[in-house]
file structure-v9.cif (mmCIF, C-alpha atoms)
data_query
#
loop_
_atom_site.label_atom_id
_atom_site.label_comp_id
_atom_site.auth_asym_id
_atom_site.auth_seq_id
_atom_site.Cartn_x
_atom_site.Cartn_y
_atom_site.Cartn_z
CA ARG E 1 0.00 0.00 0.00
CA LYS E 2 2.87 2.38 0.72
CA ASP E 3 3.88 2.18 -2.95
CA VAL E 4 0.59 3.65 -4.17
CA ASN E 5 0.98 7.13 -5.65
CA LEU E 6 -1.94 9.24 -4.43
CA LYS E 7 -0.96 12.34 -6.38
CA ARG E 8 -3.05 13.31 -9.41
CA THR E 9 -2.82 16.06 -12.01
CA TYR E 10 -5.98 17.58 -13.49
CA ARG E 11 -6.59 20.26 -16.10
CA PHE E 12 -9.99 21.90 -15.75
CA LYS E 13 -12.52 22.37 -18.53
CA TYR E 14 -13.18 26.14 -18.56
CA SER E 15 -10.40 27.74 -16.53
CA ASN E 16 -7.76 25.60 -18.27
CA ASN E 17 -5.84 25.71 -14.99
CA GLU E 18 -3.75 22.70 -14.04
CA TRP E 19 -3.62 21.39 -10.48
CA SER E 20 -1.48 18.62 -8.98
CA GLY E 21 -1.87 17.09 -5.55
CA ILE E 22 -3.73 14.53 -3.47
CA PRO E 23 -7.41 14.82 -4.50
CA ILE E 24 -8.91 15.06 -1.02
CA MET E 25 -10.69 18.26 0.02
CA ALA E 26 -11.61 19.68 3.41
CA ALA E 27 -15.28 20.67 3.44
CA ASN E 28 -16.38 24.27 3.85
CA MET E 29 -18.03 23.50 7.19
CA ASP E 30 -17.51 25.21 10.55
CA GLY E 31 -14.33 24.09 12.28
CA VAL E 32 -12.97 22.35 9.17
CA GLY E 33 -12.91 24.87 6.32
CA GLU E 34 -10.53 27.14 8.21
CA LEU E 35 -7.24 28.77 7.25
CA GLY E 36 -5.34 26.85 9.93
CA ILE E 37 -6.58 23.57 8.48
CA ALA E 38 -5.75 24.84 4.98
CA GLU E 39 -2.19 25.59 6.01
CA LYS E 40 -1.69 22.09 7.36
CA LEU E 41 -3.39 20.26 4.46
CA SER E 42 -1.48 22.35 1.94
CA GLU E 43 1.68 20.63 3.15
CA PHE E 44 0.17 17.45 1.67
CA GLN E 45 -1.11 19.26 -1.44
CA MET E 46 -4.74 18.88 -0.43
CA ILE E 47 -7.39 21.54 -1.08
CA THR E 48 -9.43 23.26 1.63
CA CYS E 49 -12.73 24.91 0.77
CA LEU E 50 -12.96 27.81 3.20
CA THR E 51 -16.24 28.53 4.97
CA LYS E 52 -18.49 31.24 3.57
CA GLN E 53 -17.63 33.41 6.59
CA HIS E 54 -14.14 34.08 5.24
CA ASP E 55 -14.37 37.72 4.17
CA ILE E 56 -11.64 40.14 3.11
CA LYS E 57 -10.85 40.92 6.77
CA LYS E 58 -10.15 37.26 7.63
CA ILE E 59 -8.10 36.72 4.50
CA LYS E 60 -5.99 39.81 5.20
CA ALA E 61 -5.34 38.70 8.78
CA PHE E 62 -3.78 35.44 7.56
CA LYS E 63 -0.18 36.21 6.66
CA LYS E 64 0.57 32.98 4.80
CA ILE E 65 -2.25 33.22 2.27
CA LYS E 66 0.11 33.54 -0.71
CA SER E 67 2.03 30.38 0.16
CA ILE E 68 -1.10 28.20 0.34
CA HIS E 69 -3.25 29.82 -2.36
CA PRO E 70 -2.93 26.94 -4.90
CA ASN E 71 -4.76 24.72 -2.41
CA ILE E 72 -7.60 26.90 -1.14
CA SER E 73 -11.04 27.66 -2.52
CA LEU E 74 -13.25 30.59 -1.61
CA SER E 75 -16.85 29.57 -0.85
CA ILE E 76 -20.00 31.54 -1.57
CA GLY E 77 -23.75 31.08 -1.59
CA ILE E 78 -26.05 32.54 -4.23
CA LYS E 79 -27.01 35.85 -2.62
CA LYS E 80 -25.89 39.21 -3.99
CA SER E 81 -23.92 39.78 -0.77
CA ASP E 82 -21.99 36.55 -1.45
CA PHE E 83 -21.09 37.75 -4.93
CA ASP E 84 -20.00 41.13 -3.57
CA ASN E 85 -17.81 39.48 -0.90
CA LEU E 86 -16.17 37.29 -3.56
CA ASP E 87 -15.52 40.33 -5.73
CA LYS E 88 -13.85 42.22 -2.87
CA ILE E 89 -11.52 39.32 -2.09
CA LEU E 90 -10.54 38.60 -5.69
CA LYS E 91 -9.82 42.25 -6.44
CA GLU E 92 -7.06 42.14 -3.83
CA TYR E 93 -6.13 38.45 -3.99
CA SER E 94 -6.52 37.68 -7.68
CA PHE E 95 -4.07 34.78 -7.42
CA ILE E 96 -6.68 32.57 -5.67
CA LYS E 97 -7.75 30.06 -8.31
CA PHE E 98 -10.77 28.18 -6.93
CA ILE E 99 -14.34 29.36 -6.29
CA CYS E 100 -16.88 27.05 -4.65
CA ILE E 101 -20.55 27.96 -5.18
CA ASP E 102 -22.28 25.93 -2.50
CA VAL E 103 -25.97 25.30 -1.80
CA ALA E 104 -27.61 22.36 -0.04
CA ASN E 105 -29.76 21.53 -3.07
CA GLY E 106 -28.66 22.66 -6.52
CA TYR E 107 -31.94 21.91 -8.27
CA SER E 108 -33.06 25.45 -9.12
CA GLU E 109 -33.01 27.57 -12.25
CA TYR E 110 -31.62 30.49 -10.28
CA PHE E 111 -28.60 28.44 -9.18
CA SER E 112 -27.64 27.71 -12.80
CA LYS E 113 -28.07 31.37 -13.75
CA PHE E 114 -25.97 32.50 -10.80
CA LEU E 115 -23.25 30.03 -11.75
CA LYS E 116 -23.25 31.39 -15.32
CA SER E 117 -22.87 34.96 -14.03
CA VAL E 118 -19.85 33.95 -11.93
CA ARG E 119 -18.31 32.16 -14.92
CA ASP E 120 -18.80 35.24 -17.11
CA LYS E 121 -17.17 37.47 -14.47
CA TYR E 122 -14.26 35.10 -13.72
CA PRO E 123 -13.43 33.11 -16.89
CA THR E 124 -9.98 32.04 -15.61
CA LYS E 125 -11.10 30.73 -12.21
CA THR E 126 -11.79 27.06 -11.54
CA ILE E 127 -15.42 26.93 -10.40
CA ILE E 128 -16.83 24.21 -8.14
CA ALA E 129 -20.65 24.07 -8.02
CA GLY E 130 -23.13 21.89 -6.16
CA ASN E 131 -24.67 19.99 -4.64
CA VAL E 132 -26.52 17.68 -7.04
CA VAL E 133 -26.97 13.92 -7.35
CA THR E 134 -28.14 13.15 -10.91
CA ALA E 135 -26.61 13.06 -14.38
CA ASP E 136 -28.94 15.63 -15.95
CA MET E 137 -28.22 18.31 -13.32
CA THR E 138 -24.51 17.54 -13.44
CA GLN E 139 -24.59 18.24 -17.17
CA GLU E 140 -26.67 21.39 -16.62
CA LEU E 141 -24.13 22.82 -14.17
CA ILE E 142 -21.20 21.99 -16.44
CA LEU E 143 -22.91 23.64 -19.41
CA SER E 144 -23.54 26.68 -17.18
CA GLY E 145 -19.83 26.99 -16.43
CA ALA E 146 -18.80 24.56 -13.69
CA ASP E 147 -15.37 22.95 -13.96
CA ILE E 148 -16.10 20.64 -11.02
CA VAL E 149 -19.52 19.47 -9.79
CA LYS E 150 -20.01 18.70 -6.10
CA VAL E 151 -22.08 15.54 -5.65
CA GLY E 152 -24.09 14.58 -2.58
CA ILE E 153 -27.41 15.53 -0.99
CA GLY E 154 -27.98 14.26 2.52
CA PRO E 155 -25.10 11.85 3.27
CA GLY E 156 -22.98 14.19 5.42
CA SER E 157 -22.59 13.58 9.16
CA VAL E 158 -24.31 16.86 10.09
CA CYS E 159 -26.51 17.27 7.03
CA THR E 160 -30.23 17.66 7.81
CA THR E 161 -31.47 17.94 4.20
CA ARG E 162 -33.01 14.46 4.17
CA LEU E 163 -34.62 14.98 7.57
CA GLN E 164 -36.00 18.43 6.84
CA THR E 165 -37.01 18.07 3.19
CA GLY E 166 -37.16 14.36 2.37
CA VAL E 167 -34.68 14.94 -0.47
CA GLY E 168 -31.63 12.72 -0.84
CA TYR E 169 -29.86 10.02 -2.86
CA PRO E 170 -27.59 7.07 -1.97
CA GLN E 171 -24.10 8.53 -2.20
CA LEU E 172 -22.25 5.83 -4.12
CA SER E 173 -25.06 5.60 -6.70
CA ALA E 174 -24.95 9.39 -7.11
CA VAL E 175 -21.17 9.40 -7.57
CA ILE E 176 -21.26 6.67 -10.23
CA GLU E 177 -24.03 8.42 -12.18
CA CYS E 178 -22.63 11.94 -11.96
CA ALA E 179 -19.03 10.90 -12.70
CA ASP E 180 -20.10 9.31 -15.96
CA ALA E 181 -22.01 12.45 -16.97
CA ALA E 182 -19.21 14.86 -16.02
CA HIS E 183 -16.39 12.89 -17.63
CA GLY E 184 -18.37 12.71 -20.87
CA LEU E 185 -18.23 16.52 -20.99
CA GLY E 186 -14.59 16.79 -19.95
CA ALA E 187 -15.33 18.00 -16.41
CA HIS E 188 -14.74 16.62 -12.91
CA ILE E 189 -16.74 15.77 -9.78
CA ILE E 190 -16.29 15.78 -6.01
CA ALA E 191 -17.86 13.07 -3.83
CA ASP E 192 -19.07 15.23 -0.96
CA GLY E 193 -20.27 13.64 2.26
CA GLY E 194 -20.85 10.25 3.83
CA CYS E 195 -17.23 9.25 4.56
CA THR E 196 -16.63 7.88 8.05
CA CYS E 197 -13.49 5.80 7.40
CA PRO E 198 -10.69 5.45 4.81
CA GLY E 199 -12.65 2.69 3.08
CA ASP E 200 -15.42 5.15 2.24
CA VAL E 201 -12.88 7.44 0.60
CA ALA E 202 -11.64 4.51 -1.51
CA LYS E 203 -15.24 3.75 -2.54
CA GLY E 204 -15.68 7.35 -3.66
CA PHE E 205 -12.67 7.11 -5.94
CA GLY E 206 -13.77 3.66 -7.08
CA GLY E 207 -17.15 5.09 -8.05
CA GLY E 208 -15.47 7.58 -10.35
CA ALA E 209 -14.99 10.67 -8.18
CA ASP E 210 -12.04 12.88 -9.07
CA PHE E 211 -11.98 14.38 -5.55
CA VAL E 212 -13.40 13.26 -2.21
CA MET E 213 -14.51 15.92 0.27
CA LEU E 214 -14.22 15.26 4.02
CA GLY E 215 -15.84 17.10 6.91
CA GLY E 216 -16.43 15.09 10.06
CA MET E 217 -13.31 12.97 9.49
CA LEU E 218 -11.17 16.11 9.76
CA ALA E 219 -12.82 17.54 12.86
CA GLY E 220 -11.09 17.22 16.21
CA PRO E 221 -10.54 18.70 19.71
CA LYS E 222 -10.02 22.10 18.12
CA PHE E 223 -13.72 22.11 17.33
CA PHE E 224 -14.64 22.71 21.01
CA LYS E 225 -12.55 25.87 21.09
CA TYR E 226 -14.03 26.89 17.77
CA ILE E 227 -17.51 26.73 19.32
CA LEU E 228 -16.45 28.84 22.31
CA ASP E 229 -14.85 31.43 20.04
CA LYS E 230 -18.00 31.89 17.97
CA GLU E 231 -19.45 34.43 20.47
CA ILE E 232 -22.86 32.79 20.75
CA THR E 233 -25.57 32.33 23.36
CA TYR E 234 -25.34 29.55 25.91
CA MET E 235 -28.19 27.59 24.31
CA ASP E 236 -26.53 27.81 20.88
CA PHE E 237 -23.33 26.52 22.52
CA VAL E 238 -25.27 23.54 23.90
CA GLU E 239 -26.81 22.78 20.49
CA TYR E 240 -23.45 22.95 18.72
CA ASN E 241 -22.04 20.44 21.19
CA LYS E 242 -24.72 17.92 20.25
CA LEU E 243 -22.96 17.60 16.90
CA TYR E 244 -19.51 16.87 18.30
CA CYS E 245 -18.09 13.48 19.27
CA ALA E 246 -15.49 14.17 21.97
CA VAL E 247 -13.71 10.82 21.68
CA SER E 248 -13.29 10.47 17.93
CA GLY E 249 -13.16 14.12 16.97
CA SER E 250 -15.81 13.60 14.29
CA LEU E 251 -19.15 15.29 13.80
CA ILE E 252 -22.27 13.24 14.33
CA SER E 253 -25.81 13.19 13.05
CA PRO E 254 -28.12 15.89 14.46
CA ASN E 255 -30.84 13.31 15.13
CA SER E 256 -28.63 10.98 17.20
CA THR E 257 -29.66 10.08 20.73
CA PRO E 258 -27.23 10.61 23.62
CA GLU E 259 -25.82 7.98 25.95
CA PHE E 260 -26.24 8.44 29.71
CA VAL E 261 -22.79 8.13 31.32
CA TYR E 262 -20.84 9.07 34.42
CA LEU E 263 -17.36 10.52 34.80
CA LYS E 264 -15.25 11.13 37.85
CA GLU E 265 -14.73 14.75 38.78
CA ASN E 266 -11.15 15.95 38.83
CA ILE E 267 -9.70 16.26 42.35
CA THR E 268 -12.85 15.13 44.26
CA GLU E 269 -13.33 11.88 42.28
CA LYS E 270 -17.08 12.39 42.80
CA LYS E 271 -19.16 10.73 40.06
CA ILE E 272 -20.96 13.20 37.79
CA CYS E 273 -23.71 11.90 35.50
CA GLY E 274 -24.80 13.41 32.22
CA GLU E 275 -25.46 12.82 28.55
CA TYR E 276 -22.84 12.37 25.85
CA TYR E 277 -23.59 12.35 22.13
CA ARG E 278 -21.55 9.41 20.92
CA CYS E 279 -20.51 8.35 17.43
CA CYS E 280 -19.53 4.77 18.27
CA ILE E 281 -20.50 2.24 20.95
CA PRO E 282 -17.00 1.89 22.46
CA CYS E 283 -16.72 5.67 22.71
CA SER E 284 -19.02 5.77 25.75
CA CYS E 285 -16.91 3.16 27.53
CA ASP E 286 -13.65 4.88 26.64
CA LEU E 287 -14.97 8.21 27.86
CA MET E 288 -16.04 6.85 31.26
CA LYS E 289 -12.77 5.04 31.88
CA TYR E 290 -10.16 7.37 30.43
CA SER E 291 -11.48 10.92 30.82
CA LYS E 292 -12.68 13.04 33.72
CA THR E 293 -14.91 16.04 34.16
CA GLN E 294 -14.62 19.41 35.83
CA LYS E 295 -16.44 22.70 35.95
CA MET E 296 -15.67 25.47 33.52
CA LYS E 297 -16.99 29.03 33.66
CA TYR E 298 -17.52 31.03 30.49
CA LYS E 299 -19.24 34.28 29.57
CA PHE E 300 -21.55 33.83 26.58
CA THR E 301 -23.29 36.65 24.74
CA ASP E 302 -26.38 36.35 26.95
CA ILE E 303 -25.16 34.91 30.26
CA GLU E 304 -22.12 33.80 32.27
CA LYS E 305 -22.46 30.08 32.90
CA GLU E 306 -20.68 27.32 34.80
CA PHE E 307 -20.89 23.85 33.29
CA TYR E 308 -19.12 20.49 33.25
CA VAL E 309 -16.68 19.69 30.45
CA LEU E 310 -14.88 16.48 29.47
CA THR E 311 -11.10 16.53 29.87
CA ILE E 312 -8.05 14.35 29.46
CA ASP E 313 -4.57 14.90 30.87
CA ASN E 314 -2.11 16.76 28.66
CA PRO E 315 -0.93 14.12 26.15
CA CYS E 316 1.75 16.26 24.51
CA GLY E 317 4.67 14.90 26.52
CA LYS E 318 3.87 11.22 25.88
CA LYS E 319 6.76 9.19 24.49
CA ASP E 320 4.29 6.79 22.88
CA PHE E 321 2.15 9.55 21.34
CA PRO E 322 0.00 7.77 18.70
CA ILE E 323 1.46 8.21 15.24
CA GLN E 324 -2.05 8.43 13.72
CA VAL E 325 -2.55 11.86 15.35
CA ASN E 326 -0.83 15.04 14.20
CA LYS E 327 0.75 16.23 17.44
CA ASN E 328 1.17 19.75 16.10
CA TYR E 329 -2.61 19.95 15.80
CA PHE E 330 -2.94 20.81 19.50
CA CYS E 331 0.55 20.73 21.00
CA ASN E 332 3.38 23.23 21.15
CA GLY E 333 6.28 21.04 22.18
CA ASP E 334 5.25 19.28 25.38
CA LYS E 335 2.61 21.89 26.20
CA LEU E 336 -0.96 22.26 24.98
CA ASP E 337 -1.30 25.02 22.41
CA LYS E 338 -3.95 27.36 23.84
CA SER E 339 -4.26 29.16 20.52
CA GLN E 340 -5.66 25.99 18.96
CA VAL E 341 -7.45 24.06 21.72
CA SER E 342 -9.32 24.77 24.92
CA VAL E 343 -7.22 24.16 28.04
CA LEU E 344 -8.37 23.99 31.65
CA ASP E 345 -5.84 23.49 34.46
CA ASN E 346 -3.35 22.05 31.96
CA LYS E 347 -5.92 19.51 30.77
CA LEU E 348 -7.24 19.23 27.21
CA VAL E 349 -10.95 20.03 27.03
CA ILE E 350 -12.51 17.62 24.54
CA GLY E 351 -16.24 18.18 24.95
CA TYR E 352 -19.30 19.17 26.93
CA LEU E 353 -21.28 16.99 29.38
CA HIS E 354 -24.96 17.63 28.74
CA ASP E 355 -27.51 17.86 31.58
CA SER E 356 -24.82 17.09 34.13
CA ARG E 357 -25.48 16.51 37.84
CA PRO E 358 -24.07 14.52 40.79
CA CYS E 359 -25.00 10.87 40.23
CA LEU E 360 -27.79 9.25 42.21
CA SER E 361 -27.59 5.57 43.08
CA SER E 362 -30.42 4.93 40.61
CA ASP E 363 -28.38 6.66 37.89
CA LEU E 364 -25.42 4.37 38.49
CA ASP E 365 -27.66 1.30 38.52
CA TYR E 366 -29.09 2.32 35.16
CA ILE E 367 -25.64 2.88 33.65
CA ASN E 368 -24.23 -0.40 35.01
CA THR E 369 -27.12 -2.49 33.70
CA HIS E 370 -27.61 -0.72 30.37
CA GLN E 371 -26.91 -2.71 27.19
CA VAL E 372 -24.11 -0.38 26.07
CA THR E 373 -22.64 1.12 29.23
CA GLY E 374 -23.00 -2.08 31.25
CA LYS E 375 -21.78 -5.43 29.97
CA PHE E 376 -20.35 -4.09 26.75
CA CYS E 377 -18.13 -1.69 28.68
CA GLU E 378 -16.93 -4.56 30.90
CA PHE E 379 -15.76 -6.31 27.73
CA ARG E 380 -14.30 -3.16 26.18
CA ASN E 381 -12.45 -2.04 29.29
CA ASN E 382 -10.89 -5.46 29.80
CA THR E 383 -9.36 -5.50 26.32
CA PRO E 384 -5.54 -5.61 26.67
CA LEU E 385 -3.90 -2.43 25.42
CA ASP E 386 -1.60 -4.36 23.11
CA GLN E 387 -4.69 -5.58 21.23
CA LEU E 388 -5.82 -2.06 20.40
CA LYS E 389 -5.55 -1.34 16.69
CA SER E 390 -6.05 1.99 14.94
CA GLY E 391 -9.72 2.93 15.35
CA MET E 392 -10.39 6.42 16.69
CA GLY E 393 -11.57 5.02 20.02
CA ASP E 394 -8.33 3.04 20.36
CA ILE E 395 -6.29 6.13 19.44
CA PHE E 396 -8.20 8.11 22.05
CA ILE E 397 -7.24 5.55 24.72
CA LYS E 398 -3.58 5.88 23.77
CA LEU E 399 -3.86 9.66 24.11
CA ALA E 400 -5.78 9.64 27.37
CA ARG E 401 -4.49 6.73 29.44
#
call {"tool": "encode", "arguments": {"input": "structure-v9.cif", "output": "structure tokens"}}
result
Amino acid sequence: RKDVNLKRTYRFKYSNNEWSGIPIMAANMDGVGELGIAEKLSEFQMITCLTKQHDIKKIKAFKKIKSIHPNISLSIGIKKSDFDNLDKILKEYSFIKFICIDVANGYSEYFSKFLKSVRDKYPTKTIIAGNVVTADMTQELILSGADIVKVGIGPGSVCTTRLQTGVGYPQLSAVIECADAAHGLGAHIIADGGCTCPGDVAKGFGGGADFVMLGGMLAGPKFFKYILDKEITYMDFVEYNKLYCAVSGSLISPNSTPEFVYLKENITEKKICGEYYRCCIPCSCDLMKYSKTQKMKYKFTDIEKEFYVLTIDNPCGKKDFPIQVNKNYFCNGDKLDKSQVSVLDNKLVIGYLHDSRPCLSSDLDYINTHQVTGKFCEFRNNTPLDQLKSGMGDIFIKLAR
């Protein structure tokens, strides 16, 4: 496997620009489509689609923009204000080559017209447009000026399109259909959404995708700090944390149900019960055994609030730091990097404990006899460490133990 060459070179239909690199993209979602992520992924020649919130002020504040510009894409919606923001950025940073026109559902006449207007204004830019899931709309977007069509409606880990509108399409089927249509016209596609493991990425390429876009798979502990830094109300903070899996670092489905767990409080060792939105069954077990909880106070836009957070000891000085994790992502030498992650008493804050309270005896009985947190956790927690492989839960244990 190490002999496989992941690098690809593409020349795009309308812009005629050539790009070479590893065809994996970071999605333009909160906490992932950020300039810090772009800087890191650019080292591997991967593209990052910046979030729509990146205006001229944010771009100017980032000093390394020129060095990473071949591997970033500006993102816009289809409002006039989006077009104006794009125009302001490109007037000053004309060297940026990619534009991503992004809507949840690309099946509208206005979307095609807007795409055509962007193509007319920027004939030399490589334009990404989506999302769609069928051959006919793929062809429509390409004929309207798209170099790359973004494929996927509903498969993403935090996408609510299927739940809210009933619109969606099986992702692999969509990729196969749209790839055939795009390649027939000399254009490219991105498989956007639905990847939870490397095998899913391989399936995307196997189905004909030229690029695979990742969101939840690239999220991590930095996401908790990102939420705090958004300057939002306390209730918005709570809702954001229902989308975040503290153990794996991935984003989870908005309609998932939480697991009732307990954690020991730092210093007092008192058991604190609460709800944790998990993304895998072992995650609940790993959290209870290898992390702790403590109170954190924070001033939101509407109220100052004290609440329980999930923490692990500073892992940065570990000699056996897991090789699957980029240490520079949250460490500065042997210390936690407070500019990237949330730190409390030299502990890494990894998440929020919902509806937390001191445990009652009935709470502990429920947890100990529950199908997941009871017998399954006995099995999970008795697994010898040398049998741990490379799943995110296993990596978390290596970080936290």
call {"tool": "resolve_selection", "arguments": {"input": "structure-v9.cif", "expression": "the PyMOL selection byres ((chain E and resi 294-300) around 6)", "output": "list in words"}}
result
Thr233, Tyr234, Glu265, Asn266, Thr293, Thr301, Asp302, Ile303, Glu304, Lys305, Glu306, Phe307, Tyr308 and Val309 of chain E
call {"tool": "residues_around", "arguments": {"input": "structure-v9.cif", "residues": "range 352-354 of chain E", "least_positions_apart": "2", "cutoff": "10 Å", "atoms": "all atoms listed in the file", "output": "JSON, numbers by chain"}}
result
{"E": [224, 237, 238, 239, 240, 241, 242, 244, 245, 246, 258, 260, 261, 262, 263, 272, 273, 274, 275, 276, 277, 293, 294, 295, 296, 307, 308, 309, 310, 311, 349, 350, 356, 357]}
call {"tool": "closest_residue", "arguments": {"input": "structure-v9.cif", "among": "E:Val118, E:Leu243, E:Ile96, E:Ile281", "to": "Phe83 in chain E", "atoms": "all atoms listed in the file"}}
result
E:Val118
call {"tool": "resolve_selection", "arguments": {"input": "structure-v9.cif", "expression": "the PyMOL selection byres ((chain E and resi 48) around 6)", "output": "MDAnalysis selection string"}}
result
chainID E and resid 25:26 38 47 49:50 72
call {"tool": "closest_residue", "arguments": {"input": "structure-v9.cif", "among": "E:Ile101, E:Val247, E:Val341, E:Ala182", "to": "Phe223 in chain E", "atoms": "only C-alpha atoms"}}
result
E:Val341
call {"tool": "resolve_selection", "arguments": {"input": "structure-v9.cif", "expression": "the PyMOL selection byres ((chain E and resi 313) around 10)", "output": "list in words"}}
result
Tyr290, Ser291, Lys292, Thr311, Ile312, Asn314, Pro315, Cys316, Leu344, Asp345, Asn346, Lys347, Leu348, Val349, Leu399, Ala400 and Arg401 of chain E
call {"tool": "closest_residue", "arguments": {"input": "structure-v9.cif", "among": "E:Asp320, E:Asp147, E:Glu269, E:Glu259", "to": "Thr373 in chain E", "atoms": "all atoms listed in the file"}}
result
E:Glu259
